[in-house]
Amino acid sequence: MDDIVDFMCHPVFYELRTAVDVGILLFDDLDQFALPEGYSKEDIWRILISIRKQAAVFIPEDPERETDMWMVTTSSLSFNSEMLEVRSKVESSLERSLREMRGSPFVTRFIERTLIGGLFAEGIVADEDRVHELFIGEAPASSLDQLVTNYFRLSNECDNLARREVTHGLIENLYYGLIEGVNTTELPERILAPLDPHLPPPQSQVLMDLVCQRAQESVDDMRFGPVLRIINITWFFRYFNVLPCLNVLVGLLLRNILALKWGLPVLCWLPEGFDPRLGDAPVDAVRHEAVFEHWSTDYGFGFDFTPYFELNVRLYLRELERLAVSITYLEQLNDQIERIFESHINPRQKSILAALCREPGAILRIAPHQRTFRIAYGTARADFLGLEREGYLVREQEGRAFAFRAHPKLQEKIVQLGAAVVDSAEATLAGTAVVVS
């Protein structure tokens, strides 16, 4: 007993136990510590996990495999997930602002980035400009275009789908909605991360059952809370073939449905996962690879998924902070629009002018505006015609549909206003730090 107490009080081991609870500690990180004499990395790793059973997250994905499921998260994961939940819920300040400004390009770009990241995870490199053109109503000209269009259409239907129970049928409807009109043979095959030899590949039916089980609001035997349960559910689609293809995109749509169902609508706007092109992510590329690509490694005491959950929550918080900054500058832009354009315009019409501030030469269409704000076609049409009457827009004909551009007299004023606000917003965005535990 004295030897055990001495070991537990060893300064290096105490430091390691603290690191496990307040951050992400990976097996390879043990190389940075002078381990107690007589103990290997494997020994220390097993002891750490056995001691912190009350803090680890273990998931028995294979129903034939028995392993423990601990009920309490680490202190940092608990703090960060609660922070994300509070800031994402209905009637939070961010959610109220999003409701008013959902049509602005300052926030809709987050929807586009979410899709581009999902496509990248599927092995598909998408052109950002083309994704934006399809988002604002361009007709699809290829299978990839059709896939992008289908995703945006299904995203717009998530409010209604959130009223349904998550079943095999709902998940399959998302899948068939995505591939409608798409030649899937033209899409690359996704390369999955290798499984640890101890973890047999589960069957699709088993995975689907587990997803539906996790999505049951009344059954939370893991005591995760909604944020961690959503991360757990999307994990299935990122690392296994629950469906024949496009699993990541189905997982993103299901995430949005669950976020709406569980009262966390802000999550629907946030890109998921790690984007290595963004230098201010709260994790370096090596650590990202270790957590996201080698999650299935078993170092002798089961599969501890705590780092995966911890890193996802931190990345979500980072994206939430970026969204909050965009909202702040959009509010400033709307105030300036209201001062400069003296006539009375509604919040949806402000979003049209804000779009022109970002893209002065853009072609604007009624249908995307209608979908974005979830309003009747007549209401959307009236928004554009009102701005036309005020002399802000000019109307063009596209077949049997209307399209609109900024009036030439308006463009110079809009360019100056948009450039000032966008440059200021993006400069601040680049310097924004995310506060996490």
# chains A, B, ... in the order shown; residues from 1 in each chain; ligands from 1
>>> residues_around(residues="segment 396-410 of chain A", least_positions_apart="6", cutoff="6 Å", atoms="only C-alpha atoms", output="list in words")
Ile363, Leu364 and Arg365 of chain A
>>> write_last_selection(atoms="C-alpha atoms", output="JSON list (two decimals), in the first residue's frame")
[["chain", "number", "residue", "atom", "x", "y", "z"],
["A", 363, "ILE", "CA", -26.90, 37.98, -60.02],
["A", 364, "LEU", "CA", -29.65, 37.56, -57.42],
["A", 365, "ARG", "CA", -32.60, 35.20, -57.82]]
>>> residues_around(residues="Tyr176 of chain A", least_positions_apart="5", cutoff="12 Å", atoms="only C-alpha atoms", output="PDB file with N, CA and C atoms, in the first residue's frame")
ATOM      1  N   LEU A 147     -25.317  16.713 -56.841  1.00  0.00           N
ATOM      2  CA  LEU A 147     -25.125  16.306 -55.449  1.00  0.00           C
ATOM      3  C   LEU A 147     -25.142  17.528 -54.532  1.00  0.00           C
ATOM      4  N   ASN A 150     -28.654  18.840 -54.303  1.00  0.00           N
ATOM      5  CA  ASN A 150     -29.469  17.958 -53.454  1.00  0.00           C
ATOM      6  C   ASN A 150     -29.185  18.214 -51.974  1.00  0.00           C
ATOM      7  N   TYR A 151     -27.905  18.411 -51.640  1.00  0.00           N
ATOM      8  CA  TYR A 151     -27.548  18.656 -50.242  1.00  0.00           C
ATOM      9  C   TYR A 151     -28.207  19.937 -49.737  1.00  0.00           C
ATOM     10  N   LEU A 154     -31.948  19.355 -49.203  1.00  0.00           N
ATOM     11  CA  LEU A 154     -32.226  18.576 -47.995  1.00  0.00           C
ATOM     12  C   LEU A 154     -31.938  19.391 -46.733  1.00  0.00           C
ATOM     13  N   GLY A 169     -35.648   4.314 -41.879  1.00  0.00           N
ATOM     14  CA  GLY A 169     -36.312   4.921 -43.025  1.00  0.00           C
ATOM     15  C   GLY A 169     -35.895   6.362 -43.234  1.00  0.00           C
ATOM     16  N   LEU A 170     -35.788   7.151 -42.149  1.00  0.00           N
ATOM     17  CA  LEU A 170     -35.382   8.540 -42.278  1.00  0.00           C
ATOM     18  C   LEU A 170     -33.955   8.637 -42.818  1.00  0.00           C
ATOM     19  N   ILE A 171     -33.056   7.826 -42.271  1.00  0.00           N
ATOM     20  CA  ILE A 171     -31.656   7.858 -42.722  1.00  0.00           C
ATOM     21  C   ILE A 171     -31.560   7.445 -44.184  1.00  0.00           C
ATOM     22  N   GLY A 181     -30.598  11.688 -59.112  1.00  0.00           N
ATOM     23  CA  GLY A 181     -30.046  12.320 -60.304  1.00  0.00           C
ATOM     24  C   GLY A 181     -28.536  12.340 -60.359  1.00  0.00           C
ATOM     25  N   VAL A 182     -27.869  11.647 -59.425  1.00  0.00           N
ATOM     26  CA  VAL A 182     -26.405  11.636 -59.364  1.00  0.00           C
ATOM     27  C   VAL A 182     -25.883  10.283 -59.839  1.00  0.00           C
ATOM     28  N   THR A 184     -23.436   7.933 -59.203  1.00  0.00           N
ATOM     29  CA  THR A 184     -22.494   7.704 -58.105  1.00  0.00           C
ATOM     30  C   THR A 184     -21.204   7.035 -58.569  1.00  0.00           C
ATOM     31  N   LEU A 243     -23.879   3.324 -44.987  1.00  0.00           N
ATOM     32  CA  LEU A 243     -24.618   3.308 -46.253  1.00  0.00           C
ATOM     33  C   LEU A 243     -23.631   3.059 -47.389  1.00  0.00           C
ATOM     34  N   PRO A 244     -24.120   2.753 -48.588  1.00  0.00           N
ATOM     35  CA  PRO A 244     -23.200   2.430 -49.690  1.00  0.00           C
ATOM     36  C   PRO A 244     -22.198   3.534 -50.011  1.00  0.00           C
ATOM     37  N   CYS A 245     -22.584   4.818 -49.907  1.00  0.00           N
ATOM     38  CA  CYS A 245     -21.663   5.917 -50.183  1.00  0.00           C
ATOM     39  C   CYS A 245     -22.213   7.205 -49.561  1.00  0.00           C
ATOM     40  N   LEU A 246     -21.425   8.272 -49.635  1.00  0.00           N
ATOM     41  CA  LEU A 246     -21.812   9.603 -49.149  1.00  0.00           C
ATOM     42  C   LEU A 246     -22.210   9.597 -47.672  1.00  0.00           C
ATOM     43  N   ASN A 247     -21.524   8.777 -46.898  1.00  0.00           N
ATOM     44  CA  ASN A 247     -21.852   8.651 -45.476  1.00  0.00           C
ATOM     45  C   ASN A 247     -21.635   9.951 -44.710  1.00  0.00           C
ATOM     46  N   LEU A 249     -21.836  13.056 -45.712  1.00  0.00           N
ATOM     47  CA  LEU A 249     -22.886  14.032 -45.989  1.00  0.00           C
ATOM     48  C   LEU A 249     -24.191  13.647 -45.305  1.00  0.00           C
ATOM     49  N   VAL A 250     -24.507  12.355 -45.285  1.00  0.00           N
ATOM     50  CA  VAL A 250     -25.696  11.910 -44.561  1.00  0.00           C
ATOM     51  C   VAL A 250     -25.538  12.232 -43.075  1.00  0.00           C
TER      52      VAL A 250
END
>>> atom_distance(atom1="atom CA of Ile233 of chain A", atom2="atom CA of Ala126 of chain A")
25.0 Å
>>> closest_residue(among="A:Pro265, A:Gly378, A:Gly117, A:Pro360", to="Val90 of chain A", atoms="only C-alpha atoms")
A:Pro265
>>> residues_around(residues="Pro188 of chain A", least_positions_apart="6", cutoff="9 Å", atoms="only C-alpha atoms", output="PyMOL selection string")
chain A and resi 122-124
>>> write_last_selection(atoms="N, CA, C and O atoms", output="compact mmCIF listing (two decimals), in the first residue's frame")
# COMPACT_ATOMS: atom_id res chain seq x y z
N GLU A 122 -15.22 13.00 -48.05
CA GLU A 122 -15.65 11.93 -48.95
C GLU A 122 -14.63 11.68 -50.06
O GLU A 122 -14.83 10.80 -50.90
N GLY A 123 -13.55 12.46 -50.09
CA GLY A 123 -12.56 12.33 -51.15
C GLY A 123 -12.88 13.15 -52.38
O GLY A 123 -12.30 12.94 -53.45
N ILE A 124 -13.80 14.12 -52.25
CA ILE A 124 -14.24 14.94 -53.38
C ILE A 124 -13.75 16.37 -53.15
O ILE A 124 -14.10 16.99 -52.15
>>> closest_residue(among="A:Asn346, A:Ser104, A:Asn160, A:Ser142", to="Asn183 of chain A", atoms="only C-alpha atoms")
A:Ser142
>>> closest_residue(among="A:Leu385, A:Ile179, A:Ile257, A:Met1", to="Ser143 of chain A", atoms="only C-alpha atoms")
A:Ile179
>>> residues_around(residues="Leu16 of chain A", least_positions_apart="4", cutoff="12 Å", atoms="only C-alpha atoms", output="ChimeraX atom specification")
/A:8-12,20-27,29-36,41,44-45,47-49,51-52
>>> write_last_selection(atoms="N, CA and C atoms", output="PDB file, in the first residue's frame")
ATOM      1  N   MET A   8       1.428   7.059  -6.607  1.00  0.00           N
ATOM      2  CA  MET A   8       0.371   8.011  -6.928  1.00  0.00           C
ATOM      3  C   MET A   8       0.807   9.450  -6.657  1.00  0.00           C
ATOM      4  N   CYS A   9       1.719   9.634  -5.705  1.00  0.00           N
ATOM      5  CA  CYS A   9       2.185  10.971  -5.360  1.00  0.00           C
ATOM      6  C   CYS A   9       3.421  11.384  -6.150  1.00  0.00           C
ATOM      7  N   HIS A  10       3.898  10.525  -7.016  1.00  0.00           N
ATOM      8  CA  HIS A  10       5.071  10.852  -7.831  1.00  0.00           C
ATOM      9  C   HIS A  10       4.760  12.098  -8.656  1.00  0.00           C
ATOM     10  N   PRO A  11       5.614  13.127  -8.626  1.00  0.00           N
ATOM     11  CA  PRO A  11       5.286  14.398  -9.310  1.00  0.00           C
ATOM     12  C   PRO A  11       4.998  14.240 -10.804  1.00  0.00           C
ATOM     13  N   VAL A  12       5.731  13.355 -11.476  1.00  0.00           N
ATOM     14  CA  VAL A  12       5.482  13.158 -12.913  1.00  0.00           C
ATOM     15  C   VAL A  12       4.122  12.506 -13.134  1.00  0.00           C
ATOM     16  N   VAL A  20      -4.389  14.566 -18.276  1.00  0.00           N
ATOM     17  CA  VAL A  20      -5.488  13.745 -18.787  1.00  0.00           C
ATOM     18  C   VAL A  20      -6.830  14.420 -18.553  1.00  0.00           C
ATOM     19  N   ASP A  21      -6.967  15.088 -17.424  1.00  0.00           N
ATOM     20  CA  ASP A  21      -8.274  15.634 -17.056  1.00  0.00           C
ATOM     21  C   ASP A  21      -8.555  16.994 -17.672  1.00  0.00           C
ATOM     22  N   VAL A  22      -7.514  17.780 -17.942  1.00  0.00           N
ATOM     23  CA  VAL A  22      -7.753  19.155 -18.400  1.00  0.00           C
ATOM     24  C   VAL A  22      -7.449  19.356 -19.881  1.00  0.00           C
ATOM     25  N   GLY A  23      -7.041  18.325 -20.580  1.00  0.00           N
ATOM     26  CA  GLY A  23      -6.738  18.508 -21.999  1.00  0.00           C
ATOM     27  C   GLY A  23      -6.674  17.185 -22.726  1.00  0.00           C
ATOM     28  N   ILE A  24      -6.027  17.220 -23.876  1.00  0.00           N
ATOM     29  CA  ILE A  24      -5.887  16.023 -24.704  1.00  0.00           C
ATOM     30  C   ILE A  24      -4.495  15.443 -24.483  1.00  0.00           C
ATOM     31  N   LEU A  25      -4.427  14.243 -23.947  1.00  0.00           N
ATOM     32  CA  LEU A  25      -3.161  13.545 -23.771  1.00  0.00           C
ATOM     33  C   LEU A  25      -3.215  12.274 -24.605  1.00  0.00           C
ATOM     34  N   LEU A  26      -2.306  12.171 -25.570  1.00  0.00           N
ATOM     35  CA  LEU A  26      -2.246  10.997 -26.431  1.00  0.00           C
ATOM     36  C   LEU A  26      -1.114  10.080 -25.985  1.00  0.00           C
ATOM     37  N   PHE A  27      -1.169   8.851 -26.427  1.00  0.00           N
ATOM     38  CA  PHE A  27      -0.164   7.859 -26.041  1.00  0.00           C
ATOM     39  C   PHE A  27       1.239   8.350 -26.382  1.00  0.00           C
ATOM     40  N   ASP A  29       2.305  11.280 -26.564  1.00  0.00           N
ATOM     41  CA  ASP A  29       2.712  12.429 -25.744  1.00  0.00           C
ATOM     42  C   ASP A  29       3.546  11.998 -24.534  1.00  0.00           C
ATOM     43  N   LEU A  30       3.450  10.728 -24.168  1.00  0.00           N
ATOM     44  CA  LEU A  30       4.212  10.253 -23.004  1.00  0.00           C
ATOM     45  C   LEU A  30       5.711  10.346 -23.249  1.00  0.00           C
ATOM     46  N   ASP A  31       6.125  10.438 -24.519  1.00  0.00           N
ATOM     47  CA  ASP A  31       7.556  10.585 -24.823  1.00  0.00           C
ATOM     48  C   ASP A  31       8.119  11.886 -24.259  1.00  0.00           C
ATOM     49  N   GLN A  32       7.244  12.853 -23.979  1.00  0.00           N
ATOM     50  CA  GLN A  32       7.692  14.158 -23.508  1.00  0.00           C
ATOM     51  C   GLN A  32       7.910  14.187 -21.996  1.00  0.00           C
ATOM     52  N   PHE A  33       7.587  13.091 -21.317  1.00  0.00           N
ATOM     53  CA  PHE A  33       7.695  13.047 -19.863  1.00  0.00           C
ATOM     54  C   PHE A  33       8.798  12.071 -19.428  1.00  0.00           C
ATOM     55  N   ALA A  34       9.449  12.416 -18.345  1.00  0.00           N
ATOM     56  CA  ALA A  34      10.403  11.484 -17.732  1.00  0.00           C
ATOM     57  C   ALA A  34       9.608  10.532 -16.850  1.00  0.00           C
ATOM     58  N   LEU A  35       9.294   9.370 -17.354  1.00  0.00           N
ATOM     59  CA  LEU A  35       8.392   8.448 -16.665  1.00  0.00           C
ATOM     60  C   LEU A  35       9.044   7.896 -15.398  1.00  0.00           C
ATOM     61  N   PRO A  36       8.238   7.549 -14.395  1.00  0.00           N
ATOM     62  CA  PRO A  36       8.782   6.944 -13.170  1.00  0.00           C
ATOM     63  C   PRO A  36       9.618   5.707 -13.499  1.00  0.00           C
ATOM     64  N   LYS A  41       5.926   3.105 -21.350  1.00  0.00           N
ATOM     65  CA  LYS A  41       4.794   3.909 -21.813  1.00  0.00           C
ATOM     66  C   LYS A  41       3.496   3.118 -21.702  1.00  0.00           C
ATOM     67  N   ILE A  44       2.296   2.940 -18.050  1.00  0.00           N
ATOM     68  CA  ILE A  44       1.735   4.209 -17.583  1.00  0.00           C
ATOM     69  C   ILE A  44       0.380   4.462 -18.238  1.00  0.00           C
ATOM     70  N   TRP A  45       0.289   4.149 -19.518  1.00  0.00           N
ATOM     71  CA  TRP A  45      -0.983   4.385 -20.238  1.00  0.00           C
ATOM     72  C   TRP A  45      -2.105   3.556 -19.623  1.00  0.00           C
ATOM     73  N   ILE A  47      -2.252   2.312 -16.574  1.00  0.00           N
ATOM     74  CA  ILE A  47      -2.537   2.778 -15.217  1.00  0.00           C
ATOM     75  C   ILE A  47      -3.366   4.055 -15.257  1.00  0.00           C
ATOM     76  N   LEU A  48      -2.988   4.981 -16.139  1.00  0.00           N
ATOM     77  CA  LEU A  48      -3.732   6.234 -16.259  1.00  0.00           C
ATOM     78  C   LEU A  48      -5.198   5.986 -16.576  1.00  0.00           C
ATOM     79  N   ILE A  49      -5.433   5.136 -17.562  1.00  0.00           N
ATOM     80  CA  ILE A  49      -6.812   4.902 -17.986  1.00  0.00           C
ATOM     81  C   ILE A  49      -7.583   4.139 -16.917  1.00  0.00           C
ATOM     82  N   ILE A  51      -7.126   4.367 -13.727  1.00  0.00           N
ATOM     83  CA  ILE A  51      -7.401   5.301 -12.640  1.00  0.00           C
ATOM     84  C   ILE A  51      -8.508   6.271 -13.020  1.00  0.00           C
ATOM     85  N   ARG A  52      -8.472   6.745 -14.255  1.00  0.00           N
ATOM     86  CA  ARG A  52      -9.430   7.769 -14.647  1.00  0.00           C
ATOM     87  C   ARG A  52     -10.658   7.172 -15.326  1.00  0.00           C
TER      88      ARG A  52
END
>>> residues_around(residues="Cys268 of chain A", least_positions_apart="5", cutoff="8 Å", atoms="only C-alpha atoms", output="mmCIF file with N, CA and C atoms, in the first residue's frame")
data_model
loop_
_atom_site.group_PDB
_atom_site.id
_atom_site.type_symbol
_atom_site.label_atom_id
_atom_site.label_comp_id
_atom_site.auth_asym_id
_atom_site.auth_seq_id
_atom_site.Cartn_x
_atom_site.Cartn_y
_atom_site.Cartn_z
ATOM 1 N N ARG A 255 -26.944 15.313 -38.341
ATOM 2 C CA ARG A 255 -26.524 16.221 -37.265
ATOM 3 C C ARG A 255 -27.448 17.434 -37.195
ATOM 4 N N ASN A 256 -27.751 18.020 -38.348
ATOM 5 C CA ASN A 256 -28.618 19.198 -38.364
ATOM 6 C C ASN A 256 -30.015 18.862 -37.854
ATOM 7 N N ALA A 259 -29.740 18.439 -34.082
ATOM 8 C CA ALA A 259 -29.517 19.736 -33.434
ATOM 9 C C ALA A 259 -30.815 20.518 -33.341
ATOM 10 N N LEU A 260 -31.628 20.478 -34.388
ATOM 11 C CA LEU A 260 -32.929 21.149 -34.356
ATOM 12 C C LEU A 260 -33.885 20.437 -33.408
#
>>> select_by_dssp(residues="segment 152-384 of chain A", states="alpha helix (DSSP H)", output="ChimeraX atom specification")
/A:152-156,158-161,168-179,204-214,226-239,247-261,285-293,306-340,347-358,366-373,377-384
>>> residues_around(residues="segment 199-215 of chain A", least_positions_apart="6", cutoff="8 Å", atoms="only C-alpha atoms", output="PyMOL selection string")
chain A and resi 61-62+166-168+229+233+236+241-243+258+296
>>> write_last_selection(atoms="N, CA, C and O atoms", output="CSV table (one decimal), in the first residue's frame")
chain,number,residue,atom,x,y,z
A,61,GLU,N,-18.9,-0.4,-29.5
A,61,GLU,CA,-19.5,-0.3,-30.8
A,61,GLU,C,-19.9,-1.7,-31.3
A,61,GLU,O,-20.9,-1.8,-32.1
A,62,ASP,N,-19.2,-2.7,-31.0
A,62,ASP,CA,-19.5,-4.1,-31.4
A,62,ASP,C,-20.4,-4.7,-30.3
A,62,ASP,O,-19.9,-4.9,-29.2
A,166,VAL,N,-36.0,9.5,-35.6
A,166,VAL,CA,-34.9,9.0,-36.3
A,166,VAL,C,-34.9,7.5,-36.5
A,166,VAL,O,-34.8,6.8,-35.5
A,167,THR,N,-35.2,7.0,-37.6
A,167,THR,CA,-35.4,5.6,-37.9
A,167,THR,C,-34.5,5.2,-39.1
A,167,THR,O,-33.9,6.1,-39.8
A,168,HIS,N,-34.4,3.9,-39.4
A,168,HIS,CA,-33.7,3.5,-40.6
A,168,HIS,C,-34.3,4.2,-41.8
A,168,HIS,O,-33.6,4.6,-42.8
A,229,ARG,N,-23.6,13.5,-27.8
A,229,ARG,CA,-24.3,12.4,-28.5
A,229,ARG,C,-24.3,12.7,-30.0
A,229,ARG,O,-24.2,11.8,-30.8
A,233,ILE,N,-22.8,10.3,-32.9
A,233,ILE,CA,-23.6,9.8,-34.1
A,233,ILE,C,-22.9,10.1,-35.4
A,233,ILE,O,-22.8,9.2,-36.3
A,236,PHE,N,-20.0,7.6,-36.4
A,236,PHE,CA,-20.3,6.4,-37.2
A,236,PHE,C,-20.2,6.6,-38.7
A,236,PHE,O,-19.6,5.8,-39.4
A,241,ASN,N,-18.9,2.5,-43.2
A,241,ASN,CA,-19.8,2.6,-44.3
A,241,ASN,C,-21.2,2.1,-43.8
A,241,ASN,O,-21.6,1.0,-43.9
A,242,VAL,N,-21.9,3.1,-43.1
A,242,VAL,CA,-23.3,2.8,-42.7
A,242,VAL,C,-24.2,2.6,-43.9
A,242,VAL,O,-25.1,1.7,-44.0
A,243,LEU,N,-23.9,3.3,-45.0
A,243,LEU,CA,-24.6,3.3,-46.3
A,243,LEU,C,-23.6,3.1,-47.4
A,243,LEU,O,-22.4,3.2,-47.2
A,258,LEU,N,-30.8,16.5,-35.7
A,258,LEU,CA,-30.8,16.2,-34.3
A,258,LEU,C,-30.6,17.6,-33.5
A,258,LEU,O,-31.1,17.8,-32.5
A,296,SER,N,-8.6,4.4,-33.7
A,296,SER,CA,-9.0,3.0,-33.3
A,296,SER,C,-7.8,2.2,-32.7
A,296,SER,O,-7.9,1.0,-32.5
>>> closest_residue(among="A:Ala367, A:Leu98, A:Ile375, A:Leu195", to="Ile136 of chain A", atoms="only C-alpha atoms")
A:Ala367
>>> closest_residue(among="A:Tyr175, A:Glu128, A:Arg109, A:Val286", to="Phe237 of chain A", atoms="only C-alpha atoms")
A:Tyr175
>>> residues_around(residues="segment 290-294 of chain A", least_positions_apart="6", cutoff="8 Å", atoms="only C-alpha atoms", output="MDAnalysis selection string")
chainID A and resid 193:194 307:308 311
>>> atom_distance(atom1="atom CA of Lys261 of chain A", atom2="atom CA of Ala162 of chain A")
5.1 Å
>>> atom_distance(atom1="atom CA of Pro197 of chain A", atom2="atom CA of Glu42 of chain A")
17.6 Å
